[in-house]
Amino acid sequence: MKVAAPGKVLLTGAYAVLEGAPAVVVAVDRYAVAEGSALDPAPPREVALAFAASPAPRVDVTALYEGPQKIGLGSSAAALVAALGVREARAGVAIDDAAVRDRLFSEARAVHRKAQGGGSGVDVAASVYGGVLEYTLRAPATPTL
């Protein structure tokens with residue numbers, strides 16, 4: 001089983017979102033892909049944090065890079081969301097269910113924020129929900145679809 005999560009491009013509000021202004025983010029057609037049958041002995045920091053008590057799936061993020069270079073498409077958020085999606089799918093959870101996506105968003109946002117020492121979660125929202133989102137940081141952060 002494989003689960004893919006898209007990267008993102010911020011159209012507006014990249015830093016203003018941290019002050020409460022809306023941001024507009026678009027999911028792109030480049031994906032992090034987690035494999036349910038392969039384990040990663042050295043997962044990325046965010047994935048390792050989320051899977052501290054269990055083996056983490058291998059996640060391929062090469063589509064979110066240009067060669068060895070990160071290009072700002074939210075690879076860490078996409079990798080985390082794909083890995084969490086594999087965990088849910090392994091448990092038989094329907095990851096396309098709206099309530100499940102909301103729960104995945106909350107968990108992924110919290111883990112990503114802890115791993116990175118802050119952030120708005122706009123990249124996590126794009127990876128969980130896809131499409132075009134207006135995102136406003138509030139407690140709890142919820143994107144507008």
# chains A, B, ... in the order shown; residues from 1 in each chain; ligands from 1
call {"tool": "select_by_dssp", "arguments": {"residues": "chain A", "states": "helix (DSSP H, G or I)", "output": "MDAnalysis selection string"}}
result
chainID A and resid 16:19 45:50 62:64 75:90 98:116 122:129
call {"tool": "closest_atom_pairs", "arguments": {"of": "region 80-141 of chain A", "to": "region 55-67 of chain A", "cutoff": "10 Å", "atoms": "only C-alpha atoms", "output": "JSON lines"}}
result
{"residue": "A:Leu80", "atom": "CA", "partner": "A:Val59", "partner_atom": "CA", "distance": 8.5}
{"residue": "A:Ala82", "atom": "CA", "partner": "A:Val59", "partner_atom": "CA", "distance": 7.4}
{"residue": "A:Ala83", "atom": "CA", "partner": "A:Pro57", "partner_atom": "CA", "distance": 6.1}
{"residue": "A:Leu84", "atom": "CA", "partner": "A:Pro57", "partner_atom": "CA", "distance": 8.9}
{"residue": "A:Val86", "atom": "CA", "partner": "A:Pro57", "partner_atom": "CA", "distance": 7.4}
{"residue": "A:Arg87", "atom": "CA", "partner": "A:Pro57", "partner_atom": "CA", "distance": 8.2}
call {"tool": "residues_around", "arguments": {"residues": "Gly13 (chain A)", "least_positions_apart": "2", "cutoff": "9 Å", "atoms": "only C-alpha atoms", "output": "list in words"}}
result
Leu10, Leu11, Tyr15, Ala16, Val17, Leu18, Ala21, Pro22, Ala23, Val24 and Val25 of chain A
call {"tool": "select_by_dssp", "arguments": {"residues": "chain A", "states": "strand (DSSP E)", "output": "count of residues only"}}
result
44
call {"tool": "residues_around", "arguments": {"residues": "Ala79 (chain A)", "least_positions_apart": "2", "cutoff": "12 Å", "atoms": "only C-alpha atoms", "output": "ChimeraX atom specification"}}
result
/A:3-7,30-35,43-48,50,56-64,73-77,81-86,108,111-112,123-124,127-128
call {"tool": "write_last_selection", "arguments": {"atoms": "N, CA and C atoms", "output": "compact mmCIF listing (two decimals), in the first residue's frame"}}
result
# COMPACT_ATOMS: atom_id res chain seq x y z
N VAL A 3 0.65 5.68 0.18
CA VAL A 3 -0.14 6.88 0.42
C VAL A 3 0.68 8.07 -0.04
N ALA A 4 0.07 8.92 -0.85
CA ALA A 4 0.75 10.11 -1.37
C ALA A 4 0.14 11.36 -0.75
N ALA A 5 1.00 12.34 -0.47
CA ALA A 5 0.56 13.63 0.05
C ALA A 5 1.23 14.72 -0.78
N PRO A 6 0.47 15.70 -1.25
CA PRO A 6 1.05 16.72 -2.11
C PRO A 6 1.88 17.75 -1.36
N GLY A 7 2.80 18.35 -2.10
CA GLY A 7 3.51 19.52 -1.62
C GLY A 7 2.63 20.75 -1.80
N ARG A 30 3.24 17.41 -7.09
CA ARG A 30 4.47 16.71 -6.69
C ARG A 30 4.18 16.17 -5.30
N TYR A 31 4.53 14.90 -5.08
CA TYR A 31 4.06 14.21 -3.88
C TYR A 31 5.18 13.55 -3.09
N ALA A 32 4.95 13.48 -1.77
CA ALA A 32 5.70 12.56 -0.92
C ALA A 32 4.89 11.27 -0.94
N VAL A 33 5.59 10.15 -1.11
CA VAL A 33 4.90 8.86 -1.19
C VAL A 33 5.45 7.93 -0.11
N ALA A 34 4.56 7.52 0.79
CA ALA A 34 4.93 6.59 1.86
C ALA A 34 4.53 5.18 1.45
N GLU A 35 5.43 4.24 1.71
CA GLU A 35 5.19 2.84 1.38
C GLU A 35 4.88 2.06 2.66
N PRO A 43 14.18 7.76 9.60
CA PRO A 43 13.20 8.65 8.98
C PRO A 43 13.52 10.12 9.24
N PRO A 44 12.93 11.01 8.43
CA PRO A 44 13.08 12.44 8.69
C PRO A 44 12.59 12.79 10.09
N ARG A 45 13.07 13.89 10.63
CA ARG A 45 12.78 14.30 12.01
C ARG A 45 11.29 14.29 12.34
N GLU A 46 10.46 14.85 11.48
CA GLU A 46 9.03 14.91 11.75
C GLU A 46 8.41 13.51 11.81
N VAL A 47 8.80 12.66 10.87
CA VAL A 47 8.27 11.30 10.84
C VAL A 47 8.76 10.52 12.06
N ALA A 48 10.02 10.68 12.40
CA ALA A 48 10.58 9.99 13.57
C ALA A 48 9.83 10.39 14.84
N ALA A 50 6.70 11.44 15.07
CA ALA A 50 5.35 10.89 15.04
C ALA A 50 5.34 9.38 15.29
N ALA A 56 8.65 3.44 11.48
CA ALA A 56 8.13 4.41 10.52
C ALA A 56 8.20 3.85 9.10
N PRO A 57 7.20 4.17 8.29
CA PRO A 57 7.27 3.75 6.89
C PRO A 57 8.30 4.58 6.12
N ARG A 58 8.83 4.00 5.07
CA ARG A 58 9.75 4.75 4.19
C ARG A 58 8.93 5.74 3.38
N VAL A 59 9.42 6.97 3.28
CA VAL A 59 8.75 8.01 2.53
C VAL A 59 9.73 8.57 1.49
N ASP A 60 9.28 8.57 0.24
CA ASP A 60 10.08 9.11 -0.86
C ASP A 60 9.62 10.55 -1.12
N VAL A 61 10.54 11.50 -0.93
CA VAL A 61 10.22 12.91 -1.16
C VAL A 61 10.98 13.49 -2.35
N THR A 62 11.59 12.64 -3.16
CA THR A 62 12.43 13.14 -4.26
C THR A 62 11.65 14.00 -5.25
N ALA A 63 10.36 13.78 -5.39
CA ALA A 63 9.56 14.60 -6.31
C ALA A 63 9.43 16.04 -5.82
N LEU A 64 9.73 16.28 -4.55
CA LEU A 64 9.62 17.63 -3.98
C LEU A 64 10.98 18.34 -3.93
N LEU A 73 8.67 23.30 -1.39
CA LEU A 73 7.34 22.76 -1.65
C LEU A 73 6.74 22.04 -0.44
N GLY A 74 7.35 22.19 0.73
CA GLY A 74 6.78 21.59 1.94
C GLY A 74 7.03 20.10 2.06
N SER A 75 8.25 19.68 1.75
CA SER A 75 8.55 18.25 1.75
C SER A 75 8.42 17.62 3.14
N SER A 76 8.78 18.34 4.19
CA SER A 76 8.68 17.74 5.52
C SER A 76 7.22 17.53 5.93
N ALA A 77 6.37 18.48 5.61
CA ALA A 77 4.94 18.33 5.93
C ALA A 77 4.32 17.21 5.10
N VAL A 81 2.59 13.77 6.55
CA VAL A 81 1.19 13.45 6.26
C VAL A 81 1.08 12.10 5.55
N ALA A 82 1.98 11.84 4.60
CA ALA A 82 1.95 10.54 3.89
C ALA A 82 2.22 9.40 4.87
N ALA A 83 3.20 9.57 5.76
CA ALA A 83 3.52 8.52 6.74
C ALA A 83 2.35 8.28 7.68
N LEU A 84 1.72 9.34 8.17
CA LEU A 84 0.56 9.17 9.04
C LEU A 84 -0.61 8.53 8.28
N GLY A 85 -0.73 8.86 7.01
CA GLY A 85 -1.76 8.24 6.18
C GLY A 85 -1.56 6.74 6.05
N VAL A 86 -0.31 6.30 5.91
CA VAL A 86 -0.01 4.87 5.86
C VAL A 86 -0.41 4.21 7.17
N ALA A 108 -0.81 15.99 12.59
CA ALA A 108 0.36 16.37 11.78
C ALA A 108 0.80 17.79 12.09
N VAL A 111 2.69 17.73 15.48
CA VAL A 111 4.01 17.10 15.34
C VAL A 111 4.95 17.98 14.55
N HIS A 112 4.48 18.52 13.44
CA HIS A 112 5.32 19.37 12.58
C HIS A 112 5.76 20.62 13.32
N ASP A 123 1.45 24.50 5.34
CA ASP A 123 1.96 23.43 4.47
C ASP A 123 1.33 22.09 4.83
N VAL A 124 1.08 21.86 6.11
CA VAL A 124 0.40 20.63 6.55
C VAL A 124 -1.02 20.60 5.99
N SER A 127 -1.06 19.54 2.42
CA SER A 127 -0.76 18.12 2.26
C SER A 127 -1.91 17.23 2.70
N VAL A 128 -2.70 17.66 3.67
CA VAL A 128 -3.83 16.86 4.15
C VAL A 128 -5.05 17.02 3.24
